[in-house]
Structures are given as structure tokens and as C-alpha cells.
$ cat input.txt   # compact mmCIF, C-alpha atoms and all ligand atoms
# COMPACT_ATOMS: atom_id res chain seq x y z
CA MET H 1 6.88 -9.97 12.53
CA THR H 2 4.41 -7.15 12.13
CA VAL H 3 3.71 -3.93 13.99
CA THR H 4 0.04 -3.06 14.35
CA TYR H 5 -1.27 0.48 14.77
CA LEU H 6 -4.72 1.42 16.04
CA LEU H 7 -6.51 4.69 15.34
CA GLU H 8 -8.71 5.29 18.35
CA TYR H 9 -11.66 7.67 18.39
CA MET H 10 -11.29 8.49 22.07
CA GLU H 11 -14.52 10.50 22.51
CA GLN H 12 -16.58 7.60 21.22
CA ASN H 13 -14.35 4.96 22.77
CA LYS H 14 -14.08 3.16 19.42
CA THR H 15 -11.31 1.88 17.22
CA ALA H 16 -11.77 3.80 13.94
CA ALA H 17 -9.17 1.83 11.98
CA TYR H 18 -6.11 -0.34 12.27
CA PHE H 19 -3.23 -1.34 10.06
CA SER H 20 -0.10 -3.41 10.33
CA LEU H 21 3.28 -3.11 8.66
CA LEU H 22 6.15 -5.50 8.07
CA ALA H 23 9.43 -5.52 6.17
CA ASP H 24 9.31 -6.81 2.61
CA LYS H 25 11.22 -6.73 -0.65
CA ILE H 26 10.42 -6.77 -4.34
CA THR H 27 12.57 -9.29 -6.19
CA PHE H 28 13.21 -9.63 -9.91
CA ASN H 29 11.07 -12.31 -11.49
CA PRO H 30 12.24 -13.24 -15.02
CA GLU H 31 8.62 -14.07 -15.91
CA GLU H 32 7.52 -10.51 -15.16
CA LYS H 33 10.08 -8.60 -17.19
CA SER H 34 7.66 -5.89 -18.35
CA VAL H 35 6.66 -4.98 -14.78
CA TRP H 36 10.30 -5.03 -13.71
CA ASN H 37 11.28 -2.75 -16.62
CA LYS H 38 8.49 -0.35 -15.71
CA LEU H 39 9.56 -0.39 -12.09
CA ASN H 40 13.24 0.13 -12.97
CA ARG H 41 12.49 3.01 -15.33
CA ASN H 42 12.43 5.45 -12.39
CA ILE H 43 15.69 4.10 -10.94
CA PRO H 44 19.07 5.32 -12.22
CA ASN H 45 21.26 2.60 -13.83
CA THR H 46 23.89 2.71 -11.08
CA LYS H 47 21.27 2.10 -8.40
CA ARG H 48 19.49 -0.80 -10.10
CA ARG H 49 19.39 -4.07 -8.14
CA ARG H 50 17.82 -7.54 -8.38
CA SER H 51 15.66 -6.66 -5.38
CA TYR H 52 14.51 -3.52 -3.58
CA PRO H 53 13.47 -2.93 0.04
CA ALA H 54 9.78 -2.43 0.69
CA VAL H 55 7.31 -2.05 3.52
CA LYS H 56 4.30 -4.32 3.37
CA ILE H 57 0.81 -3.47 4.53
CA GLY H 58 -0.18 -6.71 6.26
CA ARG H 59 -3.61 -5.55 7.40
CA LEU H 60 -5.68 -2.41 6.86
CA ALA H 61 -9.28 -2.00 7.95
CA VAL H 62 -11.54 0.97 8.63
CA ASN H 63 -14.46 0.58 11.02
CA GLU H 64 -17.67 0.53 8.93
CA ASP H 65 -18.98 3.47 10.99
CA TYR H 66 -16.23 5.62 9.46
CA SER H 67 -15.78 4.12 5.99
CA GLY H 68 -16.01 6.27 2.88
CA GLN H 69 -14.77 9.35 4.74
CA GLY H 70 -11.17 9.30 3.56
CA LEU H 71 -9.69 7.52 6.56
CA GLY H 72 -8.17 4.66 4.50
CA THR H 73 -6.57 7.19 2.16
CA PHE H 74 -5.34 9.21 5.14
CA ILE H 75 -3.62 6.10 6.51
CA LEU H 76 -1.99 5.30 3.15
CA ASP H 77 -0.82 8.92 2.79
CA ASN H 78 0.75 8.73 6.24
CA ILE H 79 2.56 5.48 5.42
CA LYS H 80 3.76 7.07 2.16
CA TYR H 81 4.92 10.17 4.02
CA VAL H 82 6.76 8.32 6.76
CA PHE H 83 8.62 5.97 4.42
CA SER H 84 9.51 8.64 1.85
CA ASN H 85 10.29 11.63 4.07
CA VAL H 86 11.16 10.41 7.56
CA LYS H 87 14.35 8.72 6.52
CA ARG H 88 14.90 6.20 9.28
CA LEU H 89 15.63 3.43 6.80
CA GLY H 90 15.97 2.98 3.07
CA CYS H 91 12.72 1.84 1.52
CA ARG H 92 11.55 2.30 -2.06
CA PHE H 93 8.17 0.55 -2.35
CA ILE H 94 4.98 -0.18 -0.43
CA THR H 95 3.51 -3.60 -1.15
CA VAL H 96 0.17 -5.15 -0.30
CA ASP H 97 -1.70 -8.37 -0.98
CA ALA H 98 -4.92 -6.53 -1.76
CA LEU H 99 -8.22 -8.28 -1.20
CA LYS H 100 -10.04 -8.30 -4.54
CA THR H 101 -12.80 -6.10 -3.08
CA ALA H 102 -10.22 -3.51 -2.02
CA VAL H 103 -8.28 -3.41 -5.32
CA PRO H 104 -10.14 -0.28 -6.59
CA PHE H 105 -9.28 1.52 -3.34
CA TYR H 106 -5.57 0.80 -3.83
CA GLU H 107 -5.71 1.72 -7.53
CA LEU H 108 -7.29 5.07 -6.61
CA ASN H 109 -4.36 5.54 -4.25
CA GLY H 110 -1.76 4.97 -6.97
CA PHE H 111 -0.94 1.29 -6.44
CA GLN H 112 -0.14 -0.91 -9.46
CA PHE H 113 -0.30 -4.64 -10.08
CA MET H 114 2.94 -6.57 -9.68
CA THR H 115 1.81 -9.43 -11.89
CA GLU H 116 -1.11 -10.56 -14.04
CA SER H 117 -0.68 -14.16 -12.88
CA ASP H 118 -2.85 -13.54 -9.78
CA LYS H 119 -5.71 -11.82 -11.61
CA ASP H 120 -8.15 -14.63 -10.78
CA ASP H 121 -7.03 -14.98 -7.16
CA GLU H 122 -8.77 -13.63 -4.06
CA THR H 123 -5.85 -11.28 -3.41
CA ARG H 124 -3.64 -9.35 -5.82
CA LEU H 125 -0.05 -8.32 -5.19
CA MET H 126 0.22 -4.56 -5.68
CA PHE H 127 2.96 -1.98 -5.16
CA PHE H 128 3.42 1.75 -4.83
CA ASP H 129 6.65 3.50 -5.81
CA LEU H 130 7.48 5.98 -3.04
CA LYS H 131 9.35 8.06 -5.60
CA ASN H 132 5.92 9.08 -6.88
CA PHE H 133 4.91 10.53 -3.54
CA ILE H 134 5.44 14.23 -3.12
CA ALA H 135 4.36 15.36 0.30
CA ASP H 136 2.54 18.68 0.52
C1 LIG O 1 -10.77 -0.72 1.86
C2 LIG O 1 -10.91 0.25 3.06
C3 LIG O 1 -9.63 0.20 3.90
C4 LIG O 1 -11.12 1.66 2.49
O1 LIG O 1 -11.17 2.59 3.57
P1 LIG O 1 -12.06 3.93 3.47
O2 LIG O 1 -11.69 4.81 4.60
O3 LIG O 1 -13.49 3.56 3.35
O4 LIG O 1 -11.56 4.52 2.07
P2 LIG O 1 -11.56 6.05 1.59
O5 LIG O 1 -12.75 6.74 2.19
O6 LIG O 1 -10.22 6.65 1.85
O7 LIG O 1 -11.78 5.84 0.03
C5 LIG O 1 -10.94 6.41 -0.94
C6 LIG O 1 -11.55 6.14 -2.31
O8 LIG O 1 -11.58 4.72 -2.54
C7 LIG O 1 -12.90 4.31 -2.83
N1 LIG O 1 -13.09 3.00 -2.22
C8 LIG O 1 -12.85 2.66 -0.94
N2 LIG O 1 -13.10 1.35 -0.76
C9 LIG O 1 -13.51 0.88 -1.95
C10 LIG O 1 -13.90 -0.41 -2.41
N3 LIG O 1 -13.92 -1.46 -1.60
N4 LIG O 1 -14.26 -0.55 -3.72
C11 LIG O 1 -14.24 0.52 -4.56
N5 LIG O 1 -13.85 1.76 -4.17
C12 LIG O 1 -13.50 1.92 -2.89
C13 LIG O 1 -13.79 5.36 -2.20
O9 LIG O 1 -15.06 5.42 -2.83
C14 LIG O 1 -12.99 6.61 -2.44
O10 LIG O 1 -13.16 7.05 -3.78
P3 LIG O 1 -13.31 8.62 -4.14
O11 LIG O 1 -12.00 9.25 -3.72
O12 LIG O 1 -13.51 8.61 -5.61
O13 LIG O 1 -14.45 9.11 -3.34
C15 LIG O 1 -12.15 -0.09 3.93
O14 LIG O 1 -13.30 -0.10 3.11
C16 LIG O 1 -12.06 -1.43 4.63
O15 LIG O 1 -11.60 -1.49 5.77
N6 LIG O 1 -12.52 -2.52 3.97
C17 LIG O 1 -12.56 -3.86 4.60
C18 LIG O 1 -11.16 -4.42 4.84
C19 LIG O 1 -10.33 -4.41 3.60
O16 LIG O 1 -10.77 -4.76 2.50
N7 LIG O 1 -9.06 -3.98 3.78
C20 LIG O 1 -8.06 -4.01 2.75
C21 LIG O 1 -7.30 -5.30 2.93
S1 LIG O 1 -5.99 -5.42 1.77
$ encode --input "input.txt" --output "C-alpha cells"
Amino acid sequence: MTVTYLLEYMEQNKTAAYFSLLADKITFNPEEKSVWNKLNRNIPNTKRRRSYPAVKIGRLAVNEDYSGQGLGTFILDNIKYVFSNVKRLGCRFITVDALKTAVPFYELNGFQFMTESDKDDETRLMFFDLKNFIAD
């Protein structure tokens, strides 16, 4: 169950980018204790859980005609803003199964690896802690 958003460049009658979002959660994995400890460090003891709500980026693509102009970052910043400031529901993390070719893009945007076990896979599970996002 995903919701897909299109960014339309009306004057040129083109889709500039699209992305989709779905509900997700990050769950404690005993084999990834160091990541879990790092992730919990920013969460007060009384609020610590075995899993935390997240929003997952299912798809994100920028039309090649507009790539490298900050549009992907603009979309991520908007997702960060909406889920950290527009408090319609409780959500602590953004997650994504990042295509290997897009991993540097997500790293530049503050995402971290959830595990090292997928380092040779075509996609890598990454997360962003919304606590780290301070909207201007
Ligand atoms: C990945 C993608 C969404 C990036 O969108 P974009 O609008 O071109 O990205 P931005 O212009 O906001 O780039 C932000 C920074 O990330 C870097 N970057 C973007 N894509 C990159 C990539 N594939 N590899 C390395 N760096 C990348 C940019 O150089 C820029 O760095 P800078 O701030 O130092 O200049 C876009 O290239 C795309 O649609 N790729 C194909 C689909 C895809 O891989 N989607 C992700 C699926 S998980």
C-alpha cells in the first residue's frame, strides 16, 4: 500500500520527478546490536522500544532532464519536514532500500546503513533519524 506523488513541470508538460511512500517500522535485530545502540542513543530510556514507526521511500526518481539540480534533495527535505514538523502521526525514521548507485545520494542527505549484511547486495537498507532534521 503506497502513495505515489508526481512533481509535474506544467509549462513543459513533463513529469520532473516522482516518489512513493508507505508505512514501515524499524525492529530490533539482535545481530545488529551496534546499529541499534547507535539508533537508541538519541532516544530517552523511557521512550525506548523494540520497534519504532517509520515512513519508507518505496520509489524515488528524478527525470534525467532535471537531475543534478537539487530536486532529489528537495524531495527528501520535504519528506523530512512533513514527517518531523507536520505532526499528523508519530514517526521517527525514514527508511529506504537504496539502489547501490543511489547510496552516495542518500549518504549526502544524512542517511545511514541499517546493517552491513547487505553490503554486497544490489540494494542497501538505510535510515534517517528525523530527530536530526531541523527545519529552517
Ligand atoms: C538518485 C536521484 C534521485 C538523485 O536525484 P538528483 O535530483 O539528481 O539529486 P540532487 O541533485 O539532489 O543531488 C544531491 C547530491 O547527491 C549527489 N548525487 C546524486 N545522485 C548521485 C549518484 N547516483 N551517485 C553519487 N552522487 C549522487 C549529487 O552530485 C549532489 O551532490 P552535491 O550536493 O555534492 O552537489 C536521481 O539521480 C535518480 O532518479 N536516479 C535514478 C533512480 C534512483 O536511483 N532512485 C533511487 C532509488 S532508491
$ residues_near_ligand --input "input.txt" --ligand "ligand LIG 1 (chain O)" --cutoff "6 Å" --atoms "all atoms listed in the file" --output "short mmCIF file (atom, residue, chain, number, x, y, z; two decimals) with C-alpha atoms, in the coordinates of the input"
data_model
loop_
_atom_site.label_atom_id
_atom_site.label_comp_id
_atom_site.auth_asym_id
_atom_site.auth_seq_id
_atom_site.Cartn_x
_atom_site.Cartn_y
_atom_site.Cartn_z
CA ARG H 59 -3.61 -5.55 7.40
CA LEU H 60 -5.68 -2.41 6.86
CA ALA H 61 -9.28 -2.00 7.95
CA VAL H 62 -11.54 0.97 8.63
CA SER H 67 -15.78 4.12 5.99
CA GLY H 68 -16.01 6.27 2.88
CA GLN H 69 -14.77 9.35 4.74
CA GLY H 70 -11.17 9.30 3.56
CA LEU H 71 -9.69 7.52 6.56
CA GLY H 72 -8.17 4.66 4.50
CA THR H 73 -6.57 7.19 2.16
CA ASP H 97 -1.70 -8.37 -0.98
CA ALA H 98 -4.92 -6.53 -1.76
CA LEU H 99 -8.22 -8.28 -1.20
CA THR H 101 -12.80 -6.10 -3.08
CA ALA H 102 -10.22 -3.51 -2.02
CA PRO H 104 -10.14 -0.28 -6.59
CA PHE H 105 -9.28 1.52 -3.34
CA LEU H 108 -7.29 5.07 -6.61
#
$ atom_distance --input "input.txt" --atom1 "atom CA of Lys38 of chain H" --atom2 "atom CA of Ser117 of chain H"
16.8 Å
$ atom_distance --input "input.txt" --atom1 "atom CA of Met10 of chain H" --atom2 "atom CA of Lys80 of chain H"
25.0 Å
$ residues_around --input "input.txt" --residues "Arg49 of chain H" --least-positions-apart "5" --cutoff "9 Å" --atoms "all atoms listed in the file" --output "PDB file with C-alpha atoms, in the frame of the given file"
ATOM      1  CA  THR H  27      12.570  -9.290  -6.190  1.00  0.00           C
ATOM      2  CA  PHE H  28      13.210  -9.630  -9.910  1.00  0.00           C
ATOM      3  CA  ASN H  40      13.240   0.130 -12.970  1.00  0.00           C
TER       4      ASN H  40
END
$ closest_residue --input "input.txt" --among "H:Ser51, H:Ala16, H:Phe127, H:Arg92" --to "Phe113 of chain H" --atoms "all atoms listed in the file"
H:Phe127
$ residues_around --input "input.txt" --residues "segment 21-26 of chain H" --least-positions-apart "3" --cutoff "12 Å" --atoms "all atoms listed in the file" --output "JSON, numbers by chain"
{"H": [1, 2, 3, 4, 5, 6, 18, 29, 32, 35, 36, 39, 40, 49, 50, 51, 52, 53, 54, 55, 56, 57, 58, 59, 60, 75, 76, 79, 83, 89, 90, 91, 92, 93, 94, 95, 96, 97, 114, 115, 125, 126, 127, 128, 129]}
$ atom_distance --input "input.txt" --atom1 "atom CA of Phe133 of chain H" --atom2 "atom CA of Ser84 of chain H"
7.3 Å
$ closest_residue --input "input.txt" --among "H:Asn37, H:Asn85, H:Asn109, H:Asn63" --to "Glu8 of chain H" --atoms "only C-alpha atoms"
H:Asn63
$ decode --input "input.txt" --residues "segment 9-85 of chain H" --atoms "C-alpha atoms" --output "short mmCIF file (atom, residue, chain, number, x, y, z; two decimals), in the first residue's frame"
data_model
loop_
_atom_site.label_atom_id
_atom_site.label_comp_id
_atom_site.auth_asym_id
_atom_site.auth_seq_id
_atom_site.Cartn_x
_atom_site.Cartn_y
_atom_site.Cartn_z
CA TYR H 9 6.62 20.72 -14.71
CA MET H 10 3.42 22.14 -16.12
CA GLU H 11 4.96 24.61 -18.61
CA GLN H 12 6.92 21.82 -20.26
CA ASN H 13 4.19 19.24 -19.77
CA LYS H 14 6.70 16.84 -18.19
CA THR H 15 6.93 14.81 -15.02
CA ALA H 16 10.08 16.14 -13.31
CA ALA H 17 10.15 13.52 -10.55
CA TYR H 18 8.06 11.05 -8.62
CA PHE H 19 8.27 9.29 -5.29
CA SER H 20 6.17 6.91 -3.27
CA LEU H 21 5.76 6.45 0.46
CA LEU H 22 4.50 3.63 2.64
CA ALA H 23 4.31 2.83 6.34
CA ASP H 24 7.25 0.93 7.80
CA LYS H 25 8.95 0.16 11.09
CA ILE H 26 12.46 -0.45 12.33
CA THR H 27 12.63 -3.53 14.54
CA PHE H 28 15.37 -4.63 16.92
CA ASN H 29 17.62 -7.24 15.40
CA PRO H 30 19.87 -8.96 17.99
CA GLU H 31 22.50 -9.45 15.28
CA GLU H 32 22.77 -5.70 14.72
CA LYS H 33 23.24 -4.54 18.30
CA SER H 34 25.75 -1.80 17.47
CA VAL H 35 23.38 -0.12 14.98
CA TRP H 36 20.51 -0.46 17.44
CA ASN H 37 22.60 1.09 20.23
CA LYS H 38 23.55 3.97 17.95
CA LEU H 39 19.94 4.46 16.96
CA ASN H 40 18.73 4.31 20.58
CA ARG H 41 21.35 6.79 21.79
CA ASN H 42 19.13 9.71 20.73
CA ILE H 43 16.03 8.23 22.40
CA PRO H 44 15.37 8.73 26.13
CA ASN H 45 15.31 5.50 28.20
CA THR H 46 11.60 5.76 28.98
CA LYS H 47 10.72 6.00 25.30
CA ARG H 48 12.86 3.10 24.09
CA ARG H 49 11.00 0.29 22.31
CA ARG H 50 11.77 -2.92 20.40
CA SER H 51 10.50 -1.23 17.24
CA TYR H 52 9.88 2.31 16.02
CA PRO H 53 7.47 3.69 13.41
CA ALA H 54 8.97 4.79 10.11
CA VAL H 55 7.97 6.00 6.68
CA LYS H 56 9.53 4.17 3.79
CA ILE H 57 10.53 5.67 0.47
CA GLY H 58 9.34 2.96 -1.93
CA ARG H 59 10.35 4.76 -5.12
CA LEU H 60 12.18 7.99 -5.91
CA ALA H 61 13.25 9.07 -9.36
CA VAL H 62 14.16 12.38 -10.97
CA ASN H 63 13.71 12.83 -14.71
CA GLU H 64 17.19 12.82 -16.31
CA ASP H 65 16.43 16.24 -17.84
CA TYR H 66 16.39 17.69 -14.31
CA SER H 67 18.93 15.53 -12.46
CA GLY H 68 21.83 17.08 -10.59
CA GLN H 69 19.87 20.26 -9.87
CA GLY H 70 18.90 19.52 -6.29
CA LEU H 71 15.44 18.14 -6.99
CA GLY H 72 16.10 14.78 -5.26
CA THR H 73 17.40 16.59 -2.19
CA PHE H 74 14.41 18.95 -2.28
CA ILE H 75 12.07 15.94 -2.22
CA LEU H 76 13.94 14.32 0.70
CA ASP H 77 13.90 17.63 2.62
CA ASN H 78 10.15 17.87 2.10
CA ILE H 79 9.58 14.32 3.34
CA LYS H 80 11.80 15.10 6.35
CA TYR H 81 9.87 18.32 7.01
CA VAL H 82 6.42 16.77 6.73
CA PHE H 83 7.18 13.80 8.99
CA SER H 84 9.07 15.82 11.63
CA ASN H 85 7.04 19.03 11.75
#
